[in-house]
Amino acid sequence: MGLDVNSIRSEFPILNRKLPNGKKLVYFDNAATSQKPQCVIDAMSRYYEEYNSNAHRANHTLADEATSALENARRTISSYFGTSPEQLIYTSGATEAINLVAFSWARENLSKGDVIVLTEMEHHADIVPWQQLSKDMGVEIRYVPINIENYFLDMAAFEIAVKDASLVCVVHTSNVLGIRNPVEEIIQMSHDSGAKVLIDCAQGAPHEQINFDDSECDFIAISAHKMAGPTGIGCLLVRKDAMEEMGPFMTGGSMIKSVTTKGSTFQEGHAMFETGTPRIAEAIGWGAAVEWLSQYDMEEVHSHIQEIASWTAEKMKNIEGITIYGDPKKSNSSGAVSFLHATIQSQDLALLLDEGGFAVRTGHHCAQPLMDALGVPSTNRISFWIYNTMDEAKSFVEHLEYVVKRFS
Amino acid sequence: MGLDVNSIRSEFPILNRKLPNGKKLVYFDNAATSQKPQCVIDAMSRYYEEYNSNAHRANHTLADEATSALENARRTISSYFGTSPEQLIYTSGATEAINLVAFSWARENLSKGDVIVLTEMEHHADIVPWQQLSKDMGVEIRYVPINIENYFLDMAAFEIAVKDASLVCVVHTSNVLGIRNPVEEIIQMSHDSGAKVLIDCAQGAPHEQINFDDSECDFIAISAHKMAGPTGIGCLLVRKDAMEEMGPFMTGGSMIKSVTTKGSTFQEGHAMFETGTPRIAEAIGWGAAVEWLSQYDMEEVHSHIQEIASWTAEKMKNIEGITIYGDPKKSNSSGAVSFLHATIQSQDLALLLDEGGFAVRTGHHCAQPLMDALGVPSTNRISFWIYNTMDEAKSFVEHLEYVVKRFS
Amino acid sequence: MEQRKWPKKLDPIVDEFAECFDSMERYELLFQYAKKNPSPLPIEDWSDSNQVHGCQSRAHVSCEIDENGRFLMRGGADAQIVQGLMSITALAVNGMSPDEVSQMSPDFTDAMGLKSTLTPSRSNGFLNMFNRVKEHAKNLK
Amino acid sequence: MEQRKWPKKLDPIVDEFAECFDSMERYELLFQYAKKNPSPLPIEDWSDSNQVHGCQSRAHVSCEIDENGRFLMRGGADAQIVQGLMSITALAVNGMSPDEVSQMSPDFTDAMGLKSTLTPSRSNGFLNMFNRVKEHAKNLK
Ligand SMILES: Cc1ncc(COP(=O)(O)O)c(C=O)c1O
Ligand SMILES: Cc1ncc(COP(=O)(O)O)c(C=O)c1O
């Protein structure tokens with residue numbers, strides 16, 4: 001069968017976009033955020049046009065419809081991630097999800113001297129909350145290095161670091177390198193050492209089918225906007241026993257059972273962690289995105305992306321002065337290709353690529369410790385998704401060759 | 001001139017909604033959330049259809065456009081609230097805004113024994129975060145009672161409570177009673193006692209023009225969704241000197257200056273409090289909402305609402321068994337009318353009103369201490385906004401009379 | 001026609017509701033049934049342990065097996081609509097075997113024309129009450 | 001026609017850019033100007049205090065008044081496009097009075113056809129660099 005990429009593209013209005021300079025948009029910044037199919041955009045508009053209402057305590061029809069839609073979205077999304085609605089806590093994104101673990105679980109269950117294992121490959125979202133915790137509580141942080149020959153985690157170092165650890169926080173797939181970490185092994189080894197595990201699936205979820213319950217992982221953080229969903233929403237998936245160990249984080253309406261001037265009691269389970277007016281339109285939009293995605297076989301989607309990425313990387317290697325960071329040919333790479341040119345500085349290159357219509361991310365990608373490990377201040381990064389085509393990749397390689405010839 | 005309410009209504013697609021039972025929707029649940037004009041819905045769709053991209057570190061055209069739109073929205077919104085963009089921190093809503101003050105300012109600047117003044121009229125969002133702080137840090141909470149004769153804050157009690165207080169947190173306008181508190185006086189008295197002031201403007205912002213800089217208030221919390229904006233966004237407005245006293249709250253990307261495995265340094269000002277992928281579509285939607293709202297004179301909007309509310313309340317008082325909580329005739333009431341019937345229980349009444357097409361909120365309205373003060377477990381509440389009409393109010397009163405006749 | 005999944009003795013009640021002219025009449029009928037609770041739970045017996053959660057109004061249910069080994073549900077609620085549904089449920093389940101109760105479906109409310117009033121996200125708690133009764137029945141088996 | 005708000009000596013440069021066939025040619029020209037910096041800031045003088053913030057690439061600017069009371073801007077950047085703009089800015093401001101510098105507008109970049117490349121949200125920092133120079137000028141007045 002194969003994916004019908006042309007038909008998929010036709011569902012994304014933005015992919016017809018002409019840039020102000022007349023060039024057709026070639027969107028290669030998918031690791032930063034994905035584009036949205038019309039059905040996702042429409043699901044949110046329909047909510048606002050037909051049944052917008054504050055959810056919960058529904059005593060009127062609109063509130064009933066909004067609440068049902070919110071909770072149906074929770075069912076759709078949790079089931080897509082292989083778990084039950086009770087294990088899903090809506091957050092504003094992966095960043096808030098990780099902060100939630102730091103505030104609700106770690107502050108309640110760790111104490112001075114306890115060890116948290118991170119890697120050099122983490123996104124700042126999975127570093128800074130732990131550094132803050134370390135400052136406040138005196139927990140120790142160990143960083144597992146990467147092997148800069150093959151860009152893999154140094155699993156021998158991990159094995160040592162995980163001893164006596166209480167919490168292990170690892171990125172599923174690096175947003176810079178596209179490297180997919182051996183999370184199954186990491187979860188197993190962490191549990192063997194008695195540590196809880198948080199996997200940052202911000203990049204993983206758009207590229208493979210995550211099965212939370214099967215993974216036996218304790219916490220998984222996900223952002224909707226990188227997987228065809230809207231901005232402003234994401235989730236933390238939490239195993240039952242871990243959830244029972246969590247204390248409240250942000251507090252206010254909805255998460256309470258009762259409030260008096262003497263004190264308050266809280267809801268149990270995921271409801272304790274969701275306060276204030278819910279992200280109703282966002283949840284509905286994400287639900288629609290997940291429904292849209294679930295019509296495709298993620299392995300097929302992955303091979304499609306992988307084919308483009310490995311072809312592109314191979315061609316780029318032949319261009320004078322280009323260095324690639326990561327191993328895009330590896331079959332489980334997410335297809336993010338980080339690169340630099342020897343003489344054209346990364347920002348200059350970004351502008352020269354933009355001039356050709358190519359949306360390419362440039363900078364430290366919120367992963368400065370990884371940049372330090374690679375010995376560079378920044379990289380250019382192209383990253384592909386379901387709607388990208390080999391033709392786009394070809395035109396990119398041509399434009400890059402042209403730019404390098406003219407400007408290096 | 002007067003408002004052209006019919007023309008305004010035509011901008012809100014949902015107001016043409018027919019409910020499943022064939023009745024026309026009459027939306028009287030505006031204090032829970034407002035409806036959105038087409039231009040707000042379209043602004044968000046347009047973002048997703050034409051220039052969706054992750055913001056910041058913009059090196060390509062789409063990212064540039066998204067970042068500009070995000071920051072233009074900040075300018076539009078902050079200017080509407082009479083302050084500069086630097087004083088506005090985007091949050092997910094008023095609840096997160098208040099939690100931000102608790103985590104970032106209070107935890108840094110208060111200590112055991114310090115006094116926080118609340119009122120009995122607060123929404124749970126402005127109670128529970130302080131109770132948590134009290135549990136964790138031993139700060140003392142004083143609740144200013146309301147006078148249950150006229151439903152006003154007991155300002156004599158406030159005057160006593162504010163002595164030696166470090167922080168005063170007061171709701172601008174009660175979501176249950178519609179009562180607008182004398183916030184100018186409260187701010188003055190608090191500052192005179194050396195206390196900082198947080199005003200919860202979730203209900204205030206949709207009903208009057210908030211001028212943050214002029215108010216001299218230290219913190220103001222606002223939700224977009226109650227003022228024609230989307231779900232999932234709101235803000236905390238913070239005075240410059242208060243912002244300088246705040247420490248980081250949630251951490252991760254964007255809010256940092258540099259991250260190394262040794263430690264991190266943070267951005268200054270509002271950027272320190274915004275981490276992760278921004279609520280881009282939401283900010284754009286809220287910006288459009290504020291632009292839409294700013295074509296109207298809020299005093300005119302207020303009189304329109306007030307006229308409907310006071311007329312309706314007056315008529316309701318004549319219905320056998322109806323008690324009204326609050327003083328909707330007061331000229332600065334927000335037009336929220338809380339009521340109960342002597343024999344028809346509030347939830348039964350809600351369903352009977354819903355059957356007529358009337359969306360009415362019922363419950364404790366996240367204000368259980370206020371319910372306790374009023375001596376009731378819940379109320380029914382109707383609340384009006386710019387697009388409501390006297391005809392809707394008339395049909396509501398008729399239906400209520402009919403229900404009371406038939407079911408009491 | 002769909003199969004009726006409720007005890008035969010509910011048929012007249014279901015028909016009575018189904019024949020109502022509109023929702024207002026159905027509500028009126030529920031208000032009437034609220035007064036016909038065959039086995040009320042006196043207010044002084046309303047406790048935290050027999051409270052139905054997720055119900056915005058107060059609703060309490062307690063179940064037992066009577067001397068003849070038959071199921072007996074006692075209920076009370078401050079909202080008439082919930083109370084009416086409780087009465088009807090009690091009329092149905094009282095006298096059944098716990099096994100029969102544990103297999104009952106709440107479909108009769110659909111047939112009564114109350115579907116939209118009783119969606120899971122309406123916080124009137126009928127479904128919670130009903131599930132509570134079935135849980136009791138399972139535990140009493 | 002819009003009034004030219006830049007020093008006359010920039011006219012030939014502005015014209016040179018305005019006559020470019022497309023953006024690629026303009027960028028090429030900027031790369032060339034990057035090499036013609038009249039007053040470079042040697043890398044060993046790049047410090048935290050003269051770094052231009054909000055600029056993703058490294059850019060440093062330091063300003064002084066020379067013995068003749070004339071403004072002198074020294075700059076260095078690792079990105080050629082920013083460096084090219086710095087060179088052109090230096091060509092413009094060097095030799096001006098601080099007062100003149102503090103009143104300069106960055107409009108010449110629009111006339112050069114670089115508007116879309118230099119929006120405030122592009123993190124290439126040209127505007128930050130330019131404002132930094134003007135601030136210096138104000139302080140040196
Ligand atoms: C007075 C008041 N404060 C705070 C809130 C909380 O706002 P949100 O749910 O948008 O965070 C509300 C809204 O319900 C409110 O009415
Ligand atoms: C690996 C990784 N973790 C975490 C995040 C943070 O996600 P968000 O910005 O949606 O909170 C990102 C996205 O940039 C990411 O790539």
# chains A, B, ... in the order shown; residues from 1 in each chain; ligands from 1
$ residues_near_ligand --ligand "ligand 2" --cutoff "10 Å" --atoms "only C-alpha atoms and all ligand atoms" --output "ChimeraX atom specification"
/A:30-33,91-99,121-127,170-176,178,199-204,221-226,231-235,365-367 /B:54,252-254,275-279
$ residues_around --residues "Phe407 of chain B" --least-positions-apart "4" --cutoff "10 Å" --atoms "only C-alpha atoms" --output "list in words"
Thr343, Ile344, Asp348, Leu349, Leu352, Tyr402 and Val403 of chain B; Met24, Tyr27, Glu28 and Phe31 of chain C
$ interface_residues --of "chain A" --to "chain D" --cutoff "12 Å" --atoms "only C-alpha atoms" --output "PyMOL selection string"
chain A and resi 19-23+343-356+361-365+377-379+399+402-408
$ residues_around --residues "Thr312 of chain A" --least-positions-apart "6" --cutoff "10 Å" --atoms "only C-alpha atoms" --output "VMD selection string"
chain A and resid 306 328 to 329 335 337 382 390 392 to 394 396 to 397
$ closest_residue --among "A:Thr251, A:Ser334, A:Ser303, A:Asn380" --to "ligand 1" --atoms "only C-alpha atoms and all ligand atoms"
A:Thr251
$ atom_distance --atom1 "atom CA of Asn16 of chain A" --atom2 "atom CA of Gly285 of chain B"
22.8 Å
$ closest_residue --among "B:Ala281, B:Phe103, B:Asp218, B:Ser310" --to "Arg46 of chain B" --atoms "only C-alpha atoms"
B:Ala281
